[in-house]
>>> print(open('coords15.cif').read())   # mmCIF, C-alpha atoms
data_query
loop_
_atom_site.label_atom_id
_atom_site.label_comp_id
_atom_site.auth_asym_id
_atom_site.auth_seq_id
_atom_site.Cartn_x
_atom_site.Cartn_y
_atom_site.Cartn_z
CA MET A 1 0.00 0.00 0.00
CA THR A 2 2.76 2.42 0.95
CA TYR A 3 4.56 1.56 -2.26
CA LEU A 4 1.48 2.27 -4.38
CA VAL A 5 0.84 5.57 -2.64
CA ARG A 6 4.43 6.54 -3.25
CA LEU A 7 3.97 5.95 -6.97
CA ALA A 8 0.71 7.87 -7.15
CA ASP A 9 1.93 10.84 -5.12
CA ASP A 10 4.34 11.76 -7.90
CA ASN A 11 1.56 11.82 -10.46
CA VAL A 12 -1.03 13.71 -8.47
CA VAL A 13 1.36 16.46 -7.43
CA LEU A 14 2.66 16.88 -10.96
CA GLY A 15 -0.86 16.88 -12.36
CA GLN A 16 -1.77 19.67 -9.97
CA ARG A 17 1.37 21.61 -10.93
CA LEU A 18 0.50 21.34 -14.61
CA SER A 19 -3.05 22.49 -13.98
CA GLU A 20 -1.64 25.77 -12.67
CA TYR A 21 -0.29 26.51 -16.11
CA ILE A 22 -3.61 26.33 -17.90
CA ALA A 23 -4.20 29.57 -19.80
CA SER A 24 -0.53 30.53 -19.45
CA ALA A 25 1.06 28.49 -22.25
CA PRO A 26 2.55 30.20 -25.31
CA ASP A 27 -0.65 29.46 -27.22
CA LEU A 28 -4.03 27.83 -26.86
CA GLU A 29 -2.82 24.65 -28.53
CA GLU A 30 -0.05 24.13 -25.99
CA ASP A 31 -2.50 24.88 -23.20
CA LEU A 32 -4.56 21.94 -24.38
CA ALA A 33 -1.49 19.72 -24.56
CA ILE A 34 -0.37 20.56 -21.04
CA ALA A 35 -3.86 20.20 -19.62
CA ASN A 36 -4.06 16.81 -21.30
CA ILE A 37 -0.76 15.67 -19.85
CA GLY A 38 -1.82 16.92 -16.42
CA LEU A 39 -5.08 15.02 -16.65
CA ASP A 40 -3.24 11.87 -17.69
CA HIS A 41 -1.12 12.10 -14.56
CA ILE A 42 -4.11 12.69 -12.31
CA GLY A 43 -5.88 9.76 -13.98
CA ILE A 44 -2.97 7.43 -13.28
CA ALA A 45 -2.78 8.65 -9.69
CA GLN A 46 -6.48 7.95 -9.29
CA HIS A 47 -6.10 4.36 -10.51
CA VAL A 48 -3.14 3.71 -8.24
CA TYR A 49 -4.74 5.32 -5.16
CA THR A 50 -7.91 3.32 -5.73
CA TYR A 51 -5.88 0.14 -5.84
CA ALA A 52 -3.91 1.19 -2.76
CA ALA A 53 -7.18 1.74 -0.89
CA GLU A 54 -8.35 -1.75 -1.83
CA VAL A 55 -5.09 -3.29 -0.73
CA GLU A 56 -5.34 -1.46 2.56
CA GLY A 57 -8.94 -2.57 3.03
CA ALA A 58 -9.74 0.15 5.56
CA GLY A 59 -12.53 1.76 3.59
CA ARG A 60 -10.54 4.71 2.34
CA THR A 61 -10.96 6.01 -1.21
CA GLU A 62 -8.63 7.70 -3.67
CA ASP A 63 -9.94 11.06 -2.45
CA ASP A 64 -8.76 10.33 1.08
CA PHE A 65 -5.24 9.87 -0.21
CA ALA A 66 -5.27 12.99 -2.37
CA PHE A 67 -7.14 15.40 -0.12
CA TRP A 68 -6.82 14.21 3.46
CA ARG A 69 -3.15 13.78 3.95
CA THR A 70 -0.73 16.48 5.00
CA GLU A 71 2.53 17.55 3.49
CA ARG A 72 4.63 15.19 5.58
CA GLN A 73 2.47 12.27 4.52
CA PHE A 74 3.06 12.86 0.84
CA THR A 75 5.98 10.82 -0.47
CA ASN A 76 6.39 12.34 -3.91
CA THR A 77 9.83 13.23 -5.19
CA LEU A 78 10.99 16.84 -4.94
CA LEU A 79 11.15 17.26 -8.70
CA VAL A 80 7.40 17.17 -9.30
CA GLU A 81 6.60 19.76 -6.62
CA GLN A 82 9.06 22.34 -7.97
CA PRO A 83 7.36 25.45 -9.30
CA HIS A 84 8.04 26.68 -12.81
CA GLU A 85 8.78 30.29 -13.60
CA GLY A 86 8.00 29.87 -17.24
CA PHE A 87 7.38 27.49 -20.08
CA GLY A 88 11.03 26.43 -20.26
CA GLU A 89 11.11 25.24 -16.67
CA LEU A 90 7.80 23.48 -17.04
CA ILE A 91 9.13 21.63 -20.08
CA ALA A 92 12.46 20.84 -18.39
CA ARG A 93 10.77 19.40 -15.30
CA GLN A 94 8.30 17.47 -17.43
CA PHE A 95 10.93 16.12 -19.80
CA LEU A 96 13.25 14.90 -17.05
CA PHE A 97 10.31 13.27 -15.25
CA ASP A 98 8.74 11.77 -18.39
CA ALA A 99 12.02 10.09 -19.28
CA TYR A 100 11.95 8.49 -15.82
CA GLN A 101 8.26 7.57 -16.00
CA LEU A 102 8.77 5.80 -19.30
CA GLU A 103 11.33 3.44 -17.72
CA LEU A 104 9.32 3.08 -14.52
CA TRP A 105 6.07 2.06 -16.19
CA GLU A 106 7.85 -0.16 -18.66
CA ALA A 107 9.37 -2.06 -15.75
CA LEU A 108 6.14 -2.12 -13.74
CA ALA A 109 4.20 -3.38 -16.75
CA ARG A 110 6.09 -6.63 -16.08
CA SER A 111 5.08 -6.63 -12.40
CA SER A 112 3.98 -9.94 -10.92
CA ASP A 113 0.96 -8.04 -9.60
CA ASP A 114 -1.57 -8.14 -12.44
CA ARG A 115 -3.47 -5.08 -11.34
CA LEU A 116 -0.37 -2.92 -11.09
CA ALA A 117 0.93 -4.31 -14.37
CA GLY A 118 -2.34 -3.32 -16.04
CA ILE A 119 -2.20 0.23 -14.72
CA ALA A 120 1.44 0.46 -15.77
CA ALA A 121 0.68 -0.72 -19.30
CA LYS A 122 -1.88 2.06 -19.67
CA ALA A 123 0.45 4.61 -18.11
CA LEU A 124 3.27 3.50 -20.37
CA LYS A 125 1.36 4.44 -23.51
CA GLU A 126 0.67 7.88 -22.09
CA ALA A 127 4.26 8.30 -20.94
CA ARG A 128 5.54 7.55 -24.43
CA TYR A 129 3.48 10.39 -25.81
CA HIS A 130 4.37 12.77 -22.98
CA LEU A 131 8.04 12.16 -23.56
CA ARG A 132 7.72 12.64 -27.30
CA HIS A 133 5.94 15.93 -26.74
CA THR A 134 8.28 17.35 -24.13
CA ALA A 135 11.46 16.05 -25.82
CA SER A 136 10.41 17.79 -29.03
CA TRP A 137 10.04 21.03 -27.08
CA VAL A 138 13.45 20.62 -25.45
CA VAL A 139 14.96 20.23 -28.93
CA ARG A 140 12.91 23.04 -30.43
CA LEU A 141 13.87 25.50 -27.72
CA GLY A 142 17.41 24.27 -27.16
CA ASP A 143 18.19 24.28 -30.86
CA GLY A 144 16.19 27.43 -31.50
CA THR A 145 17.31 31.01 -31.07
CA ASP A 146 20.14 32.15 -28.79
CA GLU A 147 17.55 33.35 -26.31
CA SER A 148 15.53 30.13 -26.26
CA HIS A 149 18.74 28.10 -26.04
CA ARG A 150 19.92 30.07 -23.03
CA ARG A 151 16.57 29.78 -21.27
CA MET A 152 16.24 26.07 -21.94
CA GLN A 153 19.74 25.43 -20.61
CA ASP A 154 18.94 27.48 -17.48
CA ALA A 155 15.74 25.51 -17.01
CA ILE A 156 17.48 22.13 -17.33
CA ASP A 157 20.18 23.34 -14.92
CA SER A 158 17.63 24.48 -12.35
CA MET A 159 15.75 21.15 -12.34
CA TRP A 160 18.79 18.91 -12.51
CA ARG A 161 19.47 18.74 -8.80
CA PHE A 162 16.13 17.01 -8.26
CA THR A 163 16.74 14.17 -10.70
CA GLY A 164 19.05 12.05 -8.54
CA GLU A 165 16.26 11.35 -6.09
CA LEU A 166 14.22 9.59 -8.77
CA PHE A 167 16.72 6.75 -8.73
CA GLU A 168 17.24 6.35 -5.00
CA ALA A 169 16.15 3.03 -3.55
CA ASP A 170 15.16 2.36 0.03
CA ASP A 171 14.26 -0.86 1.81
CA LEU A 172 10.70 -0.75 0.56
CA ASP A 173 11.81 -0.38 -3.06
CA ARG A 174 14.23 -3.27 -2.69
CA GLN A 175 11.66 -5.46 -0.99
CA MET A 176 9.02 -4.78 -3.66
CA ALA A 177 11.57 -5.45 -6.39
CA ALA A 178 12.64 -8.70 -4.73
CA GLU A 179 9.01 -9.84 -4.64
CA GLY A 180 8.64 -9.05 -8.33
CA VAL A 181 5.91 -6.50 -7.62
CA GLY A 182 7.92 -3.31 -7.88
CA VAL A 183 11.14 -2.12 -9.40
CA ASP A 184 14.44 -1.02 -7.94
CA PRO A 185 14.77 2.60 -9.14
CA THR A 186 18.54 2.34 -9.39
CA THR A 187 18.09 -0.04 -12.32
CA LEU A 188 16.23 2.63 -14.30
CA ARG A 189 19.10 5.07 -14.27
CA GLU A 190 21.06 3.78 -17.24
CA ALA A 191 18.17 3.97 -19.70
CA TRP A 192 17.17 7.40 -18.38
CA ASP A 193 20.73 8.65 -18.86
CA ALA A 194 20.70 7.42 -22.43
CA THR A 195 17.39 9.11 -23.26
CA VAL A 196 18.33 12.37 -21.60
CA ASP A 197 21.80 12.49 -23.17
CA GLU A 198 20.40 11.82 -26.63
CA VAL A 199 17.78 14.56 -26.41
CA LEU A 200 20.12 17.10 -24.82
CA ALA A 201 22.69 16.45 -27.55
CA GLU A 202 20.10 16.94 -30.28
CA ALA A 203 18.99 20.11 -28.52
CA THR A 204 22.62 21.36 -28.43
CA LEU A 205 22.29 21.58 -24.64
CA LEU A 206 24.89 20.59 -22.09
CA ARG A 207 24.21 17.92 -19.52
CA PRO A 208 24.56 19.72 -16.18
CA ASP A 209 27.38 18.71 -13.93
CA ASP A 210 25.75 19.54 -10.63
CA PRO A 211 27.24 17.58 -7.75
CA TYR A 212 24.50 18.67 -5.36
CA GLN A 213 21.45 16.44 -5.45
CA ALA A 214 18.48 17.15 -3.21
CA SER A 215 16.58 14.35 -1.55
CA GLY A 216 13.97 13.63 1.09
CA GLY A 217 10.63 13.66 -0.70
CA ARG A 218 10.14 9.91 -0.34
CA ASN A 219 10.35 10.37 3.43
CA GLY A 220 7.93 13.28 3.49
CA LEU A 221 10.65 15.92 3.78
CA HIS A 222 9.64 18.38 1.12
CA SER A 223 10.67 21.74 -0.23
CA GLU A 224 8.58 24.71 0.89
CA TYR A 225 6.55 24.56 -2.31
CA LEU A 226 4.53 21.42 -1.64
CA GLY A 227 2.55 22.95 1.23
CA HIS A 228 1.28 25.74 -0.99
CA LEU A 229 0.41 23.32 -3.74
CA LEU A 230 -1.53 21.08 -1.37
CA ALA A 231 -3.33 24.03 0.18
CA GLU A 232 -4.67 24.93 -3.23
CA MET A 233 -5.44 21.36 -4.20
CA GLN A 234 -7.13 20.40 -0.94
CA TRP A 235 -8.99 23.50 0.20
CA MET A 236 -12.29 22.51 -1.35
CA GLN A 237 -12.47 19.11 0.34
CA ARG A 238 -11.20 20.56 3.60
CA THR A 239 -13.67 23.43 3.55
CA TYR A 240 -16.61 21.26 2.49
CA PRO A 241 -15.78 17.75 3.68
CA LYS A 242 -17.36 14.91 1.69
CA LEU A 243 -18.32 17.33 -1.06
CA GLN A 244 -19.08 15.51 -4.29
CA TRP A 245 -20.21 16.48 -7.74
CA MET B 246 5.31 19.84 -50.16
CA THR B 247 8.01 18.48 -47.92
CA TYR B 248 9.21 20.05 -44.76
CA GLU B 249 11.67 18.91 -42.15
CA VAL B 250 12.25 20.35 -38.73
CA PRO B 251 15.55 22.24 -38.88
CA GLU B 252 18.18 20.45 -36.85
CA ILE B 253 21.46 22.15 -37.66
CA PRO B 254 22.76 24.18 -34.70
CA GLY B 255 22.54 27.89 -35.30
CA GLU B 256 20.55 27.47 -38.47
CA GLN B 257 18.03 30.16 -39.28
CA THR B 258 14.56 28.77 -38.82
CA GLU B 259 12.55 28.86 -41.99
CA ASP B 260 8.85 29.39 -41.95
CA PRO B 261 7.37 26.39 -43.76
CA THR B 262 4.41 28.37 -44.92
CA GLY B 263 6.65 30.77 -46.78
CA HIS B 264 5.36 33.81 -45.01
CA HIS B 265 5.33 35.19 -41.52
CA GLU B 266 2.23 36.28 -39.78
CA GLU B 267 2.31 39.52 -37.90
CA HIS B 268 2.08 37.78 -34.56
CA GLY B 269 2.68 34.24 -33.39
CA TRP B 270 3.17 31.00 -35.22
CA PRO B 271 1.99 29.92 -38.65
CA LEU B 272 -1.42 28.45 -39.20
CA TRP B 273 -1.94 24.79 -40.11
CA GLU B 274 -4.98 23.00 -41.46
CA VAL B 275 -5.75 19.70 -39.74
CA PHE B 276 -7.15 16.63 -41.48
CA VAL B 277 -8.32 13.65 -39.44
CA ARG B 278 -9.01 10.11 -40.60
CA PRO B 279 -11.83 8.92 -38.35
CA LYS B 280 -11.26 5.22 -39.03
CA ARG B 281 -9.66 2.83 -41.41
CA GLY B 282 -11.25 2.94 -44.85
CA LEU B 283 -12.45 6.51 -44.57
CA ASN B 284 -10.67 9.53 -45.98
CA HIS B 285 -8.95 12.21 -44.01
CA SER B 286 -11.33 15.10 -43.72
CA HIS B 287 -10.84 18.65 -42.62
CA ALA B 288 -11.26 19.05 -38.87
CA GLY B 289 -10.10 22.61 -38.30
CA SER B 290 -6.96 24.64 -38.00
CA LEU B 291 -4.41 25.58 -35.37
CA HIS B 292 -1.16 27.45 -34.79
CA ALA B 293 2.16 25.69 -34.32
CA PRO B 294 5.85 26.54 -34.73
CA ASP B 295 6.59 23.56 -36.98
CA ALA B 296 5.08 20.44 -38.50
CA GLU B 297 5.99 18.16 -35.60
CA ALA B 298 4.33 20.46 -33.08
CA ALA B 299 1.35 20.86 -35.38
CA VAL B 300 0.76 17.09 -35.40
CA GLN B 301 1.01 16.95 -31.61
CA ASN B 302 -1.31 19.91 -31.19
CA ALA B 303 -3.76 18.36 -33.62
CA ARG B 304 -3.79 15.22 -31.53
CA ASP B 305 -4.76 17.14 -28.42
CA ALA B 306 -7.16 19.54 -30.11
CA TYR B 307 -8.99 17.20 -32.49
CA THR B 308 -8.57 13.55 -31.53
CA ARG B 309 -8.63 13.34 -27.74
CA ARG B 310 -12.16 11.95 -27.74
CA ALA B 311 -11.18 9.12 -30.04
CA GLU B 312 -12.17 10.95 -33.20
CA GLY B 313 -9.33 9.64 -35.29
CA ILE B 314 -6.58 7.16 -36.07
CA SER B 315 -4.45 9.37 -38.30
CA VAL B 316 -3.77 13.06 -38.66
CA TRP B 317 -2.42 15.20 -41.48
CA VAL B 318 -1.33 18.79 -41.07
CA VAL B 319 -0.82 21.15 -43.98
CA PRO B 320 0.46 24.73 -43.86
CA SER B 321 -2.61 26.84 -44.48
CA ALA B 322 -0.65 29.00 -46.88
CA ALA B 323 -0.03 25.94 -49.09
CA ILE B 324 -3.73 25.57 -49.79
CA HIS B 325 -5.06 27.17 -52.94
CA ALA B 326 -8.79 27.68 -52.89
CA SER B 327 -11.26 28.16 -55.70
CA ASP B 328 -12.79 31.57 -56.06
CA ASP B 329 -15.54 33.10 -58.17
CA SER B 330 -18.22 30.48 -57.49
CA GLU B 331 -20.44 31.96 -60.17
CA ALA B 332 -18.13 30.96 -62.99
CA MET B 333 -16.85 27.84 -61.31
CA PHE B 334 -19.95 26.02 -60.16
CA GLU B 335 -23.17 27.67 -61.13
CA PRO B 336 -23.15 26.42 -64.73
CA PHE B 337 -23.61 22.87 -63.42
CA GLU B 338 -26.83 23.79 -61.70
CA ASP B 339 -28.51 24.07 -65.10
CA ARG B 340 -27.60 20.50 -66.03
CA PRO B 341 -29.91 18.44 -63.82
CA TYR B 342 -29.45 15.40 -66.09
CA ARG B 343 -25.90 15.20 -64.76
CA HIS B 344 -27.05 15.07 -61.17
CA PRO B 345 -27.32 11.50 -59.94
CA THR B 346 -30.34 12.37 -57.85
CA PHE B 347 -32.89 10.15 -59.62
CA TYR B 348 -31.71 6.94 -58.05
CA ASP B 349 -32.83 5.43 -54.82
CA ILE B 350 -29.75 4.48 -52.88
CA PRO B 351 -30.17 1.51 -50.56
CA ASP B 352 -29.39 2.27 -46.95
CA GLU B 353 -26.73 -0.42 -46.86
CA VAL B 354 -24.61 1.53 -49.33
CA GLY B 355 -24.12 4.30 -46.84
CA GLN B 356 -22.62 7.58 -47.88
CA MET B 357 -21.87 7.98 -51.59
#
>>> encode(input="coords15.cif", output="structure tokens")
Amino acid sequence: MTYLVRLADDNVVLGQRLSEYIASAPDLEEDLAIANIGLDHIGIAQHVYTYAAEVEGAGRTEDDFAFWRTERQFTNTLLVEQPHEGFGELIARQFLFDAYQLELWEALARSSDDRLAGIAAKALKEARYHLRHTASWVVRLGDGTDESHRRMQDAIDSMWRFTGELFEADDLDRQMAAEGVGVDPTTLREAWDATVDEVLAEATLLRPDDPYQASGGRNGLHSEYLGHLLAEMQWMQRTYPKLQW
Amino acid sequence: MTYEVPEIPGEQTEDPTGHHEEHGWPLWEVFVRPKRGLNHSHAGSLHAPDAEAAVQNARDAYTRRAEGISVWVVPSAAIHASDDSEAMFEPFEDRPYRHPTFYDIPDEVGQM
């Protein structure tokens, strides 16, 4: 259950982050694309939370996980909660995360747990498209004008320190991997490196060499941004408990 | 009309439509094939910086409710339209014997 919630927390937080950008994209068309990607992430989170609630068997629903937990109880990685100052940062965060999600869902699609494997297979198709979309933007901006190149490089640099955490494994990860249910994140690193290097090279961008890597999200130790995000996401349910539409 | 996304570093980006609009990105016409065996038909138009982005935007704008299995995008400026409908089409209206409207078409045939 904890493992499933961990997976879903990444998607729900990122989905909420993307929803903030609606009506702020460079054009209406990109607004639709980002809203779509955000909805995909929220959809995946919903499936995984629902399954987690069933596994737990305590009568909770997906809404309880999304709206009735506090900051310290969220175990998403720091990358997905980072705010974006502009389109470049949004794309950088999304690209680096999509490249990870592709490997994650591909591995989980082979999970010995049929239900999780089914969710992963669906998520994998979406992740392939997300990565294609964001990678094409990284290339377009990186290999665009001097100004777009500079901004894209800055954006990649600013998100880079949150990528190491994606591949950290703790006892739970290792246990789930040993049981064939989950995956050890450290094994995803090589393929992620290859994808990221290939796209950055095509985009004429440099792979950052940032020795500092932030961590702690998986243990509920978040940056100051998550609290604000959750306040916005949860206020409706907390103001009007059990509200439905 | 062929167009490839420029990939050479530092290369000047060319506008595939051959002209620049005053503001924003060029306009593309979107054609969607609803299912196998049917033709692509015009769904609408959108703005995009290049062909690759236009296809992705078309996917999100015109196919997200399972409307299609294939998408074409064409720079709007590459489309040449007929004009002067009086000279072009009205003469045919006086030739009813050419209009295949005297046949009963069985329902099974579908759209002709």
>>> residues_around(input="coords15.cif", residues="segment 281-295 of chain B", least_positions_apart="2", cutoff="9 Å", atoms="only C-alpha atoms", output="JSON, numbers by chain")
{"A": [27, 28, 29, 30, 140], "B": [248, 249, 250, 260, 261, 269, 270, 271, 272, 273, 274, 275, 276, 277, 278, 279, 297, 298, 299, 300, 302, 303, 306, 307, 314, 315, 316, 317, 318, 321]}
>>> axis_aligned_box(input="coords15.cif", around="segment 270-282 of chain B", padding_each_side="3 Å", output="JSON")
{"center_x": -4.3, "center_y": 16.9, "center_z": -40.0, "size_x": 21.0, "size_y": 34.2, "size_z": 15.6}
>>> atom_distance(input="coords15.cif", atom1="atom CA of Leu200 of chain A", atom2="atom CA of Met152 of chain A")
10.2 Å
>>> closest_atom_pairs(input="coords15.cif", of="chain A", to="chain B", cutoff="8 Å", atoms="all atoms listed in the file", output="tab-separated table")
residue	atom	partner	partner_atom	distance
A:Asp27	CA	B:His292	CA	7.8
A:Glu29	CA	B:Asn302	CA	5.6
A:Glu30	CA	B:Asn302	CA	6.8
A:Leu32	CA	B:Asp305	CA	6.3
A:Ala33	CA	B:Asp305	CA	5.7
A:Asn36	CA	B:Asp305	CA	7.2
A:His133	CA	B:Gln301	CA	7.0
A:Ser136	CA	B:Ala298	CA	7.8
A:Asp143	CA	B:Pro254	CA	6.0
A:Gly144	CA	B:Gly255	CA	7.4
A:Thr145	CA	B:Gly255	CA	7.4
A:Glu202	CA	B:Glu252	CA	7.7
A:Thr204	CA	B:Pro254	CA	6.9
>>> atom_distance(input="coords15.cif", atom1="atom CA of Val80 of chain A", atom2="atom CA of Trp137 of chain A")
18.4 Å
>>> resolve_selection(input="coords15.cif", expression="the PyMOL selection byres ((chain A and resi 197) around 12)", output="VMD selection string")
chain A and resid 95 to 96 99 135 138 to 139 189 to 196 198 to 208
>>> atom_distance(input="coords15.cif", atom1="atom CA of Leu124 of chain A", atom2="atom CA of Ala107 of chain A")
9.5 Å
>>> resolve_selection(input="coords15.cif", expression="the PyMOL selection byres ((chain A and resi 127) around 10)", output="number ranges by chain")
A: 37, 40-41, 97-106, 120-126, 128-133
